[in-house]
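Coordinates from upload-v6.pdb are shown below (PDB, C-alpha atoms).
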ATOM      1  CA  MET A   1       6.549  -7.450 -17.942
ATOM      2  CA  SER A   2       9.765  -9.306 -17.350
ATOM      3  CA  PRO A   3       9.565 -11.919 -14.571
ATOM      4  CA  GLY A   4      11.726 -11.143 -11.586
ATOM      5  CA  VAL A   5      11.703  -7.379 -12.087
ATOM      6  CA  VAL A   6       8.445  -5.857 -10.871
ATOM      7  CA  GLU A   7       5.374  -7.777  -9.771
ATOM      8  CA  ALA A   8       2.091  -7.043  -8.030
ATOM      9  CA  THR A   9       1.591  -9.511  -5.210
ATOM     10  CA  ASN A  10      -1.811 -10.722  -4.046
ATOM     11  CA  MET A  11      -1.410  -8.249  -1.187
ATOM     12  CA  GLY A  12      -1.366  -5.421  -3.737
ATOM     13  CA  ILE A  13       2.175  -4.358  -2.847
ATOM     14  CA  LEU A  14       4.574  -3.508  -5.640
ATOM     15  CA  GLN A  15       7.705  -5.571  -5.043
ATOM     16  CA  ILE A  16      10.995  -4.163  -6.331
ATOM     17  CA  LEU A  17      13.141  -7.246  -6.665
ATOM     18  CA  PRO A  18      16.969  -7.440  -6.505
ATOM     19  CA  SER A  19      17.357  -6.893 -10.239
ATOM     20  CA  GLY A  20      17.674  -3.168  -9.562
ATOM     21  CA  ALA A  21      16.036   0.204  -9.961
ATOM     22  CA  ARG A  22      16.744   0.613 -13.678
ATOM     23  CA  GLN A  23      15.032  -2.669 -14.514
ATOM     24  CA  GLY A  24      12.133  -1.735 -12.243
ATOM     25  CA  VAL A  25      11.636   1.579 -14.040
ATOM     26  CA  ASP A  26      11.856  -0.185 -17.418
ATOM     27  CA  ALA A  27       9.171  -2.621 -16.301
ATOM     28  CA  ILE A  28       6.881   0.246 -15.283
ATOM     29  CA  ILE A  29       7.361   1.911 -18.677
ATOM     30  CA  SER A  30       6.542  -1.277 -20.585
ATOM     31  CA  GLY A  31       3.726  -2.259 -18.220
ATOM     32  CA  PHE A  32       2.034   1.122 -18.466
ATOM     33  CA  GLU A  33       2.355   1.142 -22.253
ATOM     34  CA  ARG A  34       0.670  -2.257 -22.459
ATOM     35  CA  LEU A  35      -2.205  -0.689 -20.537
ATOM     36  CA  GLY A  36      -2.415   2.132 -23.080
ATOM     37  CA  TYR A  37      -0.453   4.813 -21.199
ATOM     38  CA  VAL A  38       2.709   6.094 -22.862
ATOM     39  CA  THR A  39       5.079   7.386 -20.203
ATOM     40  CA  ASP A  40       8.667   8.576 -20.079
ATOM     41  CA  ARG A  41      11.517   7.636 -17.781
ATOM     42  CA  SER A  42      11.025  10.654 -15.519
ATOM     43  CA  LEU A  43       7.411   9.783 -14.651
ATOM     44  CA  ALA A  44       8.145   6.048 -14.480
ATOM     45  CA  THR A  45      10.961   6.749 -12.011
ATOM     46  CA  ALA A  46       8.608   8.827  -9.872
ATOM     47  CA  ILE A  47       6.074   5.975  -9.841
ATOM     48  CA  TYR A  48       8.861   3.548  -8.908
ATOM     49  CA  LEU A  49       9.705   5.788  -5.932
ATOM     50  CA  VAL A  50       6.054   5.980  -4.881
ATOM     51  CA  ALA A  51       6.114   2.187  -4.633
ATOM     52  CA  LYS A  52       9.566   1.973  -3.084
ATOM     53  CA  LEU A  53       9.298   4.803  -0.535
ATOM     54  CA  ARG A  54       5.513   4.585   0.012
ATOM     55  CA  LYS A  55       5.209   8.362  -0.305
ATOM     56  CA  PRO A  56       2.364  10.271  -1.971
ATOM     57  CA  ILE A  57       3.040  11.939  -5.309
ATOM     58  CA  LEU A  58       1.727  15.297  -6.484
ATOM     59  CA  VAL A  59       1.308  15.352 -10.267
ATOM     60  CA  GLU A  60       0.843  18.806 -11.773
ATOM     61  CA  GLY A  61       0.352  19.978 -15.332
ATOM     62  CA  HIS A  62      -2.105  21.513 -17.748
ATOM     63  CA  ALA A  63      -5.545  19.983 -18.208
ATOM     64  CA  GLY A  64      -5.914  16.972 -20.500
ATOM     65  CA  LEU A  65      -2.368  15.638 -20.241
ATOM     66  CA  GLY A  66      -3.046  12.357 -18.436
ATOM     67  CA  LYS A  67      -2.557  13.220 -14.764
ATOM     68  CA  THR A  68      -5.683  11.402 -13.613
ATOM     69  CA  GLU A  69      -4.815   8.461 -15.857
ATOM     70  CA  VAL A  70      -1.585   7.934 -13.891
ATOM     71  CA  ALA A  71      -3.602   6.739 -10.883
ATOM     72  CA  LYS A  72      -6.040   4.713 -12.975
ATOM     73  CA  VAL A  73      -3.288   2.895 -14.834
ATOM     74  CA  LEU A  74      -1.268   2.372 -11.648
ATOM     75  CA  ALA A  75      -4.277   0.634 -10.080
ATOM     76  CA  SER A  76      -4.635  -1.604 -13.148
ATOM     77  CA  PHE A  77      -0.905  -2.262 -13.183
ATOM     78  CA  LEU A  78      -1.038  -3.388  -9.551
ATOM     79  CA  GLY A  79      -4.328  -5.225  -9.924
ATOM     80  CA  THR A  80      -5.724  -3.305  -6.968
ATOM     81  CA  ARG A  81      -8.670  -1.076  -6.178
ATOM     82  CA  LEU A  82      -8.833   2.581  -7.243
ATOM     83  CA  ILE A  83     -10.487   4.926  -4.741
ATOM     84  CA  ARG A  84     -11.125   8.402  -6.141
ATOM     85  CA  LEU A  85     -11.860  11.662  -4.377
ATOM     86  CA  GLN A  86     -12.851  14.403  -6.826
ATOM     87  CA  CYS A  87     -12.112  17.760  -5.215
ATOM     88  CA  TYR A  88     -14.242  20.880  -5.632
ATOM     89  CA  ASP A  89     -14.791  24.244  -4.009
ATOM     90  CA  GLY A  90     -16.497  23.690  -0.657
ATOM     91  CA  LEU A  91     -15.371  20.077  -0.213
ATOM     92  CA  ASP A  92     -15.553  19.209   3.488
ATOM     93  CA  VAL A  93     -14.847  16.352   5.874
ATOM     94  CA  SER A  94     -18.357  14.889   5.625
ATOM     95  CA  SER A  95     -17.980  14.418   1.867
ATOM     96  CA  ALA A  96     -14.333  13.384   1.803
ATOM     97  CA  VAL A  97     -13.695  11.464   5.023
ATOM     98  CA  TYR A  98     -16.761  10.389   6.996
ATOM     99  CA  GLU A  99     -20.086  11.402   8.434
ATOM    100  CA  TRP A 100     -22.486   9.871  10.908
ATOM    101  CA  ASN A 101     -25.720   8.225   9.830
ATOM    102  CA  TYR A 102     -27.892  10.583  11.852
ATOM    103  CA  GLN A 103     -31.204   8.945  10.998
ATOM    104  CA  LYS A 104     -29.911   5.557  12.071
ATOM    105  CA  GLN A 105     -28.479   7.108  15.250
ATOM    106  CA  LEU A 106     -31.820   8.728  16.100
ATOM    107  CA  LEU A 107     -33.587   5.414  15.573
ATOM    108  CA  ALA A 108     -31.069   3.651  17.842
ATOM    109  CA  ILE A 109     -31.551   6.289  20.541
ATOM    110  CA  LYS A 110     -35.319   5.827  20.318
ATOM    111  CA  ILE A 111     -35.023   2.044  20.576
ATOM    112  CA  GLU A 112     -32.744   2.235  23.615
ATOM    113  CA  GLU A 113     -34.836   4.727  25.575
ATOM    114  CA  GLY A 114     -36.030   2.034  27.947
ATOM    115  CA  SER A 115     -32.811   0.015  28.137
ATOM    116  CA  ASP A 116     -30.638  -0.430  31.229
ATOM    117  CA  ARG A 117     -27.498   0.867  29.495
ATOM    118  CA  THR A 118     -25.701   3.841  30.981
ATOM    119  CA  VAL A 119     -25.453   7.113  29.069
ATOM    120  CA  GLU A 120     -21.794   6.372  28.329
ATOM    121  CA  GLU A 121     -22.641   2.934  26.925
ATOM    122  CA  LYS A 122     -25.389   4.369  24.747
ATOM    123  CA  GLU A 123     -23.018   7.054  23.461
ATOM    124  CA  ARG A 124     -20.322   4.504  22.620
ATOM    125  CA  HIS A 125     -22.907   2.477  20.744
ATOM    126  CA  ILE A 126     -24.289   5.262  18.561
ATOM    127  CA  PHE A 127     -20.782   6.490  17.763
ATOM    128  CA  SER A 128     -19.531   3.054  16.736
ATOM    129  CA  ARG A 129     -18.645   1.818  13.252
ATOM    130  CA  ASP A 130     -22.203   0.584  12.750
ATOM    131  CA  PHE A 131     -23.284   4.202  12.310
ATOM    132  CA  LEU A 132     -20.252   5.482  10.415
ATOM    133  CA  LEU A 133     -20.550   6.347   6.708
ATOM    134  CA  GLU A 134     -17.106   5.997   5.173
ATOM    135  CA  ARG A 135     -16.105   8.412   2.411
ATOM    136  CA  PRO A 136     -13.111   7.985   0.032
ATOM    137  CA  LEU A 137     -10.278   9.034   2.363
ATOM    138  CA  LEU A 138     -11.424   6.796   5.204
ATOM    139  CA  GLN A 139     -12.179   3.974   2.772
ATOM    140  CA  SER A 140      -8.597   4.126   1.513
ATOM    141  CA  ILE A 141      -7.129   3.198   4.899
ATOM    142  CA  GLN A 142      -9.832   0.663   5.726
ATOM    143  CA  VAL A 143      -9.283  -1.755   2.825
ATOM    144  CA  GLU A 144      -8.822  -5.168   4.403
ATOM    145  CA  ASP A 145      -6.766  -7.199   1.956
ATOM    146  CA  THR A 146      -4.509  -4.967  -0.130
ATOM    147  CA  SER A 147      -3.082  -1.483  -0.627
ATOM    148  CA  PRO A 148      -5.438   0.512  -2.860
ATOM    149  CA  VAL A 149      -4.539   3.439  -5.084
ATOM    150  CA  LEU A 150      -6.027   6.637  -3.660
ATOM    151  CA  LEU A 151      -6.562   9.370  -6.253
ATOM    152  CA  ILE A 152      -7.124  12.865  -4.834
ATOM    153  CA  ASP A 153      -8.041  14.570  -8.078
ATOM    154  CA  GLU A 154      -7.667  18.326  -8.661
ATOM    155  CA  ILE A 155      -6.629  19.156  -5.108
ATOM    156  CA  ASP A 156      -6.183  22.766  -6.195
ATOM    157  CA  ARG A 157      -9.985  23.087  -6.418
ATOM    158  CA  ALA A 158     -10.381  22.441  -2.679
ATOM    159  CA  ASP A 159      -9.689  25.203  -0.162
ATOM    160  CA  GLU A 160      -6.701  25.600   2.132
ATOM    161  CA  ALA A 161      -8.589  24.311   5.175
ATOM    162  CA  PHE A 162      -9.228  20.979   3.494
ATOM    163  CA  GLU A 163      -5.654  20.875   2.264
ATOM    164  CA  ALA A 164      -4.509  21.253   5.880
ATOM    165  CA  PHE A 165      -6.802  18.414   6.935
ATOM    166  CA  LEU A 166      -5.000  16.092   4.498
ATOM    167  CA  LEU A 167      -1.639  16.494   6.206
ATOM    168  CA  GLU A 168      -2.249  13.797   8.830
ATOM    169  CA  LEU A 169      -3.246  11.286   6.170
ATOM    170  CA  LEU A 170      -0.347  12.114   3.856
ATOM    171  CA  SER A 171       2.322  11.943   6.566
ATOM    172  CA  ASP A 172       1.106   9.177   8.888
ATOM    173  CA  TYR A 173      -1.585   7.375   6.862
ATOM    174  CA  GLN A 174      -4.089   7.802   9.645
ATOM    175  CA  ILE A 175      -7.280   9.763  10.309
ATOM    176  CA  THR A 176      -8.512  11.021  13.652
ATOM    177  CA  ILE A 177     -12.241  10.885  14.354
ATOM    178  CA  PRO A 178     -13.020  12.768  17.586
ATOM    179  CA  GLU A 179     -15.711  10.308  18.724
ATOM    180  CA  MET A 180     -13.621   7.201  17.955
ATOM    181  CA  GLY A 181      -9.962   8.172  18.139
ATOM    182  CA  THR A 182      -7.234   7.581  15.562
ATOM    183  CA  ILE A 183      -7.741   5.062  12.780
ATOM    184  CA  ARG A 184      -4.521   3.862  11.150
ATOM    185  CA  ALA A 185      -4.145   2.359   7.711
ATOM    186  CA  LYS A 186      -4.398  -1.408   7.536
ATOM    187  CA  HIS A 187      -2.494  -1.280   4.254
ATOM    188  CA  VAL A 188      -0.711   1.935   3.270
ATOM    189  CA  PRO A 189      -2.368   3.221   0.093
ATOM    190  CA  TYR A 190      -0.523   4.459  -2.985
ATOM    191  CA  VAL A 191      -1.561   8.122  -3.031
ATOM    192  CA  VAL A 192      -1.689  10.209  -6.217
ATOM    193  CA  LEU A 193      -2.712  13.866  -5.984
ATOM    194  CA  THR A 194      -3.302  15.882  -9.156
ATOM    195  CA  SER A 195      -3.417  19.637  -9.684
ATOM    196  CA  ASN A 196      -4.046  21.926 -12.652
ATOM    197  CA  ARG A 197      -2.358  24.768 -10.728
ATOM    198  CA  SER A 198      -5.462  26.930 -10.535
ATOM    199  CA  ARG A 199      -3.949  28.025  -7.207
ATOM    200  CA  GLU A 200      -0.642  27.541  -5.461
ATOM    201  CA  LEU A 201      -0.662  24.653  -2.995
ATOM    202  CA  GLY A 202       0.751  25.016   0.497
ATOM    203  CA  ASP A 203       4.349  24.127   1.323
ATOM    204  CA  ALA A 204       3.281  21.702   4.064
ATOM    205  CA  LEU A 205       1.388  19.558   1.556
ATOM    206  CA  LYS A 206       4.194  19.711  -1.008
ATOM    207  CA  ARG A 207       6.807  18.619   1.539
ATOM    208  CA  ARG A 208       4.894  15.410   2.162
ATOM    209  CA  CYS A 209       4.818  14.453  -1.508
ATOM    210  CA  LEU A 210       7.083  13.513  -4.324
ATOM    211  CA  TYR A 211       6.558  15.883  -7.252
ATOM    212  CA  GLN A 212       6.112  15.376 -10.980
ATOM    213  CA  TRP A 213       5.292  17.910 -13.679
ATOM    214  CA  ILE A 214       3.617  16.609 -16.853
ATOM    215  CA  ASP A 215       4.163  18.927 -19.819
ATOM    216  CA  TYR A 216       2.732  18.925 -23.301
ATOM    217  CA  PRO A 217       4.278  15.990 -25.167
ATOM    218  CA  SER A 218       6.759  16.275 -27.987
ATOM    219  CA  LEU A 219       5.510  15.497 -31.470
ATOM    220  CA  GLU A 220       7.138  12.067 -31.380
ATOM    221  CA  LYS A 221       5.644  11.184 -27.980
ATOM    222  CA  GLU A 222       2.183  12.361 -29.001
ATOM    223  CA  MET A 223       2.406  10.186 -32.103
ATOM    224  CA  ARG A 224       3.220   7.201 -29.876
ATOM    225  CA  ILE A 225       0.198   8.008 -27.710
ATOM    226  CA  VAL A 226      -2.138   8.152 -30.708
ATOM    227  CA  ARG A 227      -0.709   4.907 -32.137
ATOM    228  CA  THR A 228      -1.129   3.206 -28.750
ATOM    229  CA  ARG A 229      -4.675   4.407 -28.119
ATOM    230  CA  LEU A 230      -5.902   4.238 -31.735
ATOM    231  CA  PRO A 231      -3.898   1.417 -33.332
ATOM    232  CA  SER A 232      -6.280   1.048 -36.303
ATOM    233  CA  MET A 233      -5.969   4.692 -37.367
ATOM    234  CA  GLU A 234      -4.189   5.375 -40.668
ATOM    235  CA  GLU A 235      -0.624   6.554 -40.115
ATOM    236  CA  LYS A 236      -0.989   9.542 -42.443
ATOM    237  CA  LEU A 237      -4.131  10.816 -40.730
ATOM    238  CA  ALA A 238      -2.580  10.323 -37.291
ATOM    239  CA  ARG A 239       0.424  12.410 -38.320
ATOM    240  CA  GLN A 240      -1.837  15.156 -39.663
ATOM    241  CA  VAL A 241      -3.881  15.298 -36.462
ATOM    242  CA  VAL A 242      -0.866  15.389 -34.164
ATOM    243  CA  GLY A 243       0.878  18.031 -36.276
ATOM    244  CA  TYR A 244      -2.321  20.097 -36.368
ATOM    245  CA  VAL A 245      -2.787  20.043 -32.586
ATOM    246  CA  GLN A 246       0.875  20.848 -32.023
ATOM    247  CA  ALA A 247       0.506  23.873 -34.339
ATOM    248  CA  VAL A 248      -2.671  25.024 -32.561
ATOM    249  CA  ARG A 249      -0.855  24.933 -29.189
ATOM    250  CA  ARG A 250       1.464  27.654 -30.488
ATOM    251  CA  LEU A 251      -1.437  30.108 -30.926
ATOM    252  CA  SER A 252      -1.539  31.320 -27.305
ATOM    253  CA  LEU A 253      -5.048  30.095 -26.653
ATOM    254  CA  SER A 254      -6.665  30.551 -23.258
ATOM    255  CA  LYS A 255      -7.080  26.760 -23.045
ATOM    256  CA  PRO A 256      -4.560  25.005 -25.294
ATOM    257  CA  PRO A 257      -5.641  21.501 -26.325
ATOM    258  CA  GLY A 258      -4.210  18.634 -24.324
ATOM    259  CA  VAL A 259      -3.618  15.041 -25.342
ATOM    260  CA  ALA A 260      -7.231  14.261 -24.484
ATOM    261  CA  GLU A 261      -8.317  16.735 -27.164
ATOM    262  CA  THR A 262      -5.887  15.216 -29.663
ATOM    263  CA  LEU A 263      -7.479  11.810 -29.135
ATOM    264  CA  ASP A 264     -10.985  13.282 -29.308
ATOM    265  CA  CYS A 265     -10.166  14.941 -32.619
ATOM    266  CA  ALA A 266      -8.607  11.777 -34.031
ATOM    267  CA  GLU A 267     -11.583   9.644 -32.999
ATOM    268  CA  ALA A 268     -14.005  12.193 -34.452
ATOM    269  CA  LEU A 269     -12.231  12.179 -37.813
ATOM    270  CA  VAL A 270     -12.356   8.385 -37.919
ATOM    271  CA  ALA A 271     -16.053   8.432 -36.971
ATOM    272  CA  LEU A 272     -16.745  10.944 -39.761
ATOM    273  CA  GLY A 273     -14.909   8.758 -42.260
ATOM    274  CA  LYS A 274     -12.341  11.447 -43.105
ATOM    275  CA  PRO A 275      -9.335  10.005 -44.985
ATOM    276  CA  GLN A 276      -7.261  13.137 -44.399
ATOM    277  CA  LEU A 277      -7.243  16.423 -42.532
ATOM    278  CA  ASP A 278      -8.394  19.391 -44.602
ATOM    279  CA  GLU A 279     -10.107  22.709 -43.934
ATOM    280  CA  GLU A 280     -13.561  21.143 -43.914
ATOM    281  CA  ALA A 281     -12.485  18.440 -41.465
ATOM    282  CA  ILE A 282     -10.909  21.026 -39.166
ATOM    283  CA  GLU A 283     -14.115  23.071 -39.125
ATOM    284  CA  GLN A 284     -16.237  20.002 -38.428
ATOM    285  CA  THR A 285     -14.069  18.890 -35.503
ATOM    286  CA  LEU A 286     -13.156  22.290 -34.080
ATOM    287  CA  GLY A 287     -15.254  21.585 -30.999
ATOM    288  CA  CYS A 288     -12.910  18.730 -30.129
ATOM    289  CA  ILE A 289      -9.937  21.110 -29.958
ATOM    290  CA  SER A 290     -11.389  24.461 -28.913
ATOM    291  CA  LYS A 291     -13.341  24.744 -25.671
ATOM    292  CA  SER A 292     -14.404  28.390 -25.950
ATOM    293  CA  VAL A 293     -15.764  30.668 -28.656
ATOM    294  CA  GLU A 294     -12.755  32.957 -28.235
ATOM    295  CA  ASP A 295     -10.257  30.150 -28.848
ATOM    296  CA  GLY A 296     -12.246  28.970 -31.842
ATOM    297  CA  ALA A 297     -12.061  32.479 -33.308
ATOM    298  CA  LYS A 298      -8.286  32.597 -32.732
ATOM    299  CA  ILE A 299      -7.828  29.348 -34.643
ATOM    300  CA  ARG A 300      -9.915  30.624 -37.561
ATOM    301  CA  ASN A 301      -8.166  34.018 -37.551
ATOM    302  CA  ALA A 302      -4.759  32.328 -37.629
ATOM    303  CA  GLY A 303      -5.762  30.812 -40.967
ATOM    304  CA  VAL A 304      -6.709  27.178 -41.205
ATOM    305  CA  GLY A 305      -4.690  26.773 -44.394
ATOM    306  CA  ARG A 306      -1.574  28.112 -42.715
ATOM    307  CA  ILE A 307      -2.120  25.834 -39.725
ATOM    308  CA  LEU A 308      -2.350  22.873 -42.066
ATOM    309  CA  ILE A 309       1.005  23.801 -43.611
ATOM    310  CA  GLN A 310       2.564  24.192 -40.148
ATOM    311  CA  SER A 311       1.137  20.826 -39.113
ATOM    312  CA  THR A 312       3.477  19.012 -41.519
ATOM    313  CA  GLU A 313       6.661  20.844 -40.515
ATOM    314  CA  GLY A 314       7.725  18.395 -37.824
ATOM    315  CA  PHE A 315       7.597  15.363 -40.103
ATOM    316  CA  GLY A 316      10.261  14.547 -42.616
TER     317      GLY A 316
END

What is this structure when it is put down as structure tokens?
Amino acid sequence: MSPGVVEATNMGILQILPSGARQGVDAIISGFERLGYVTDRSLATAIYLVAKLRKPILVEGHAGLGKTEVAKVLASFLGTRLIRLQCYDGLDVSSAVYEWNYQKQLLAIKIEEGSDRTVEEKERHIFSRDFLLERPLLQSIQVEDTSPVLLIDEIDRADEAFEAFLLELLSDYQITIPEMGTIRAKHVPYVVLTSNRSRELGDALKRRCLYQWIDYPSLEKEMRIVRTRLPSMEEKLARQVVGYVQAVRRLSLSKPPGVAETLDCAEALVALGKPQLDEEAIEQTLGCISKSVEDGAKIRNAGVGRILIQSTEGFG
């Protein structure tokens, strides 16, 4: 990273220095690539704006295209803590934000049965921070020394009620606990939300976020990703793998392979000692690319030989 362009301070705050936005975006591109994440100017600009405007970002796209990695690499880039909330159907406040340590509260009540404290004093005591179990969202605004990266992963898996609960955090970086009042962020976190678009998110959530769509990479970009992540892989084999996966994506599968599957396939071929991609190698590594029996059948029915021929079409 060029000195005087973008730096992570010991307070964990990304400083955009007077050298300008273009240089800042360039520094993010080069910094991310050094950490093994190949990005483009559009995504790098969005990350720059997350740092500059301190707004959350919603990153959408198909599975396996590096959405979650954006938050992980951003945390490494900043040298700060990553706090992750994995969303799922039925996620509630007690799992995502906080809950009370009921057993400890009951013990405290038992101990204080004979004390001279008033009922109000006892209540304030058992509903104090000593009895509070902090979950990821509350943890993200309680970090003492620096701004963490908060990853809210696969928000589309959570229900609309939980999505509505997030609005206070995403707009004001605060959380209200009825027994304690409003807790405001000590250091505003960098918030990254990801979605696979299994359902449409609400407009209120979208309005609070910057937005970035990550699409399947071009052949050239996917080659750069493989070279970056697997630098020791033979160039010829890397080209064959990338061309093969790109050809498979054109088969209208129910779950087209993402970049994660490309890397899995490439690593599997190296582990198997395959010098090149042929029909036998494709069959042996099909489970890296296809995630259902139906998709596997579609690949076989399309003709592995024909796919191999198509896999070389993008390379001169």

Selection under test: the PyMOL selection byres ((chain A and resi 256-265) around 7); residues as a list in words: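 Matching residues under the PyMOL selection byres ((chain A and resi 256-265) around 7) are Ala63, Gly64, Leu65, Val226, Val242, Val245, Arg249, Leu253, Ser254, Lys255, Ala266, Glu267, Ala268, Leu269, Thr285, Cys288, Ile289 and Ser290 of chain A.
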
One decimal, Å: what's the distance from atom CA of Leu219 of chain A over to atom CA of Val50 of chain A, could you say?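 So the answer is 28.2 Å.
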
Counting all atoms listed in the file, the residue of A:Lys67, A:Arg250, A:Arg54, A:His62 that sits nearest Leu210 of chain A: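 Residue with the minimum atom-to-atom distance to Leu210 of chain A: A:Arg54.
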
Please write the residues picked by the PyMOL selection byres ((chain A and resi 238-241) around 8) on this file as a ChimeraX atom specification. /A:223,226-227,233-237,242-245,262,265-266,276-277,311-312,315

Counting all atoms listed in the file, what is within 12 Å of Thr182 of chain A, bar same-chain residues fewer than 4 positions away, as a VMD selection string? chain A and resid 138 141 168 to 169 172 to 178

Could you check the closest approach to Thr68 of chain A for each of A:Leu193, A:Ala108, A:Ile282, A:Ala164 and tell me which residue wins, using all atoms listed in the file? A:Leu193

Near Leu58 of chain A, within 10 Å and counting only C-alpha atoms, which residues show up once chain neighbours fewer than 3 positions away are dropped, as JSON, numbers by chain? {"A": [55, 67, 152, 153, 155, 191, 192, 193, 194, 195, 205, 206, 208, 209, 210, 211, 212, 213]}

Go ahead and compute the interatomic distance for atom CA of Leu151 of chain A and atom CA of Ser76 of chain A, in Å to one decimal.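 We find that atom CA of Leu151 of chain A and atom CA of Ser76 of chain A lie 13.1 Å from each other.
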
Set out as a tab-separated table a contact list for segment 219-313 of chain A and segment 20-33 of chain A with a cut-off of 10 Å, giving each residue of segment 219-313 of chain A that qualifies its closest atom pair and distance in Å to one decimal, counting all atoms listed in the file, ordered by chain and rising residue number.
residue	atom	partner	partner_atom	distance
A:Arg224	CA	A:Glu33	CA	9.8
A:Ile225	CA	A:Glu33	CA	9.0
A:Thr228	CA	A:Glu33	CA	7.7
A:Arg229	CA	A:Glu33	CA	9.7

C-alpha atoms of the current selection, written as a PDB file, in the coordinates of the input:
ATOM      1  CA  ARG A 224       3.220   7.201 -29.876  1.00  0.00           C
ATOM      2  CA  ILE A 225       0.198   8.008 -27.710  1.00  0.00           C
ATOM      3  CA  THR A 228      -1.129   3.206 -28.750  1.00  0.00           C
ATOM      4  CA  ARG A 229      -4.675   4.407 -28.119  1.00  0.00           C
TER       5      ARG A 229
END

Could you work out how far atom CA of Phe162 of chain A lies from atom CA of Val97 of chain A, giving the answer in Å with one decimal? 10.6 Å

Using all atoms listed in the file, which residue out of A:Ser140, A:Leu170, A:Pro189, A:Val248 lies closest to Asp295 of chain A?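 Among the listed residues, the smallest separation from Asp295 of chain A belongs to A:Val248.
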
How would segment 89-102 of chain A look with N, CA and C atoms restored, written as a short mmCIF file (atom, residue, chain, number, x, y, z; two decimals), in the frame of the given file?
data_model
loop_
_atom_site.label_atom_id
_atom_site.label_comp_id
_atom_site.auth_asym_id
_atom_site.auth_seq_id
_atom_site.Cartn_x
_atom_site.Cartn_y
_atom_site.Cartn_z
N ASP A 89 -14.68 23.14 -4.95
CA ASP A 89 -14.79 24.24 -4.01
C ASP A 89 -15.88 23.93 -2.99
N GLY A 90 -15.53 23.99 -1.71
CA GLY A 90 -16.50 23.69 -0.66
C GLY A 90 -16.43 22.27 -0.15
N LEU A 91 -15.52 21.46 -0.69
CA LEU A 91 -15.37 20.08 -0.21
C LEU A 91 -15.05 20.08 1.28
N ASP A 92 -15.77 19.25 2.05
CA ASP A 92 -15.55 19.21 3.49
C ASP A 92 -15.36 17.78 3.97
N VAL A 93 -15.15 17.64 5.27
CA VAL A 93 -14.85 16.35 5.87
C VAL A 93 -15.98 15.35 5.66
N SER A 94 -17.23 15.81 5.74
CA SER A 94 -18.36 14.89 5.62
C SER A 94 -18.45 14.27 4.23
N SER A 95 -17.96 14.96 3.22
CA SER A 95 -17.98 14.42 1.87
C SER A 95 -16.72 13.63 1.53
N ALA A 96 -15.62 13.99 2.17
CA ALA A 96 -14.33 13.38 1.80
C ALA A 96 -13.87 12.29 2.75
N VAL A 97 -14.25 12.38 4.02
CA VAL A 97 -13.70 11.46 5.02
C VAL A 97 -14.78 10.58 5.64
N TYR A 98 -15.72 11.17 6.34
CA TYR A 98 -16.76 10.39 7.00
C TYR A 98 -17.89 11.32 7.42
N GLU A 99 -19.02 10.73 7.70
CA GLU A 99 -20.09 11.40 8.43
C GLU A 99 -20.89 10.35 9.18
N TRP A 100 -21.67 10.79 10.13
CA TRP A 100 -22.49 9.87 10.91
C TRP A 100 -23.85 9.72 10.27
N ASN A 101 -24.37 8.51 10.33
CA ASN A 101 -25.72 8.22 9.83
C ASN A 101 -26.72 8.69 10.89
N TYR A 102 -27.09 9.97 10.79
CA TYR A 102 -27.89 10.58 11.85
C TYR A 102 -29.25 9.92 12.00
#
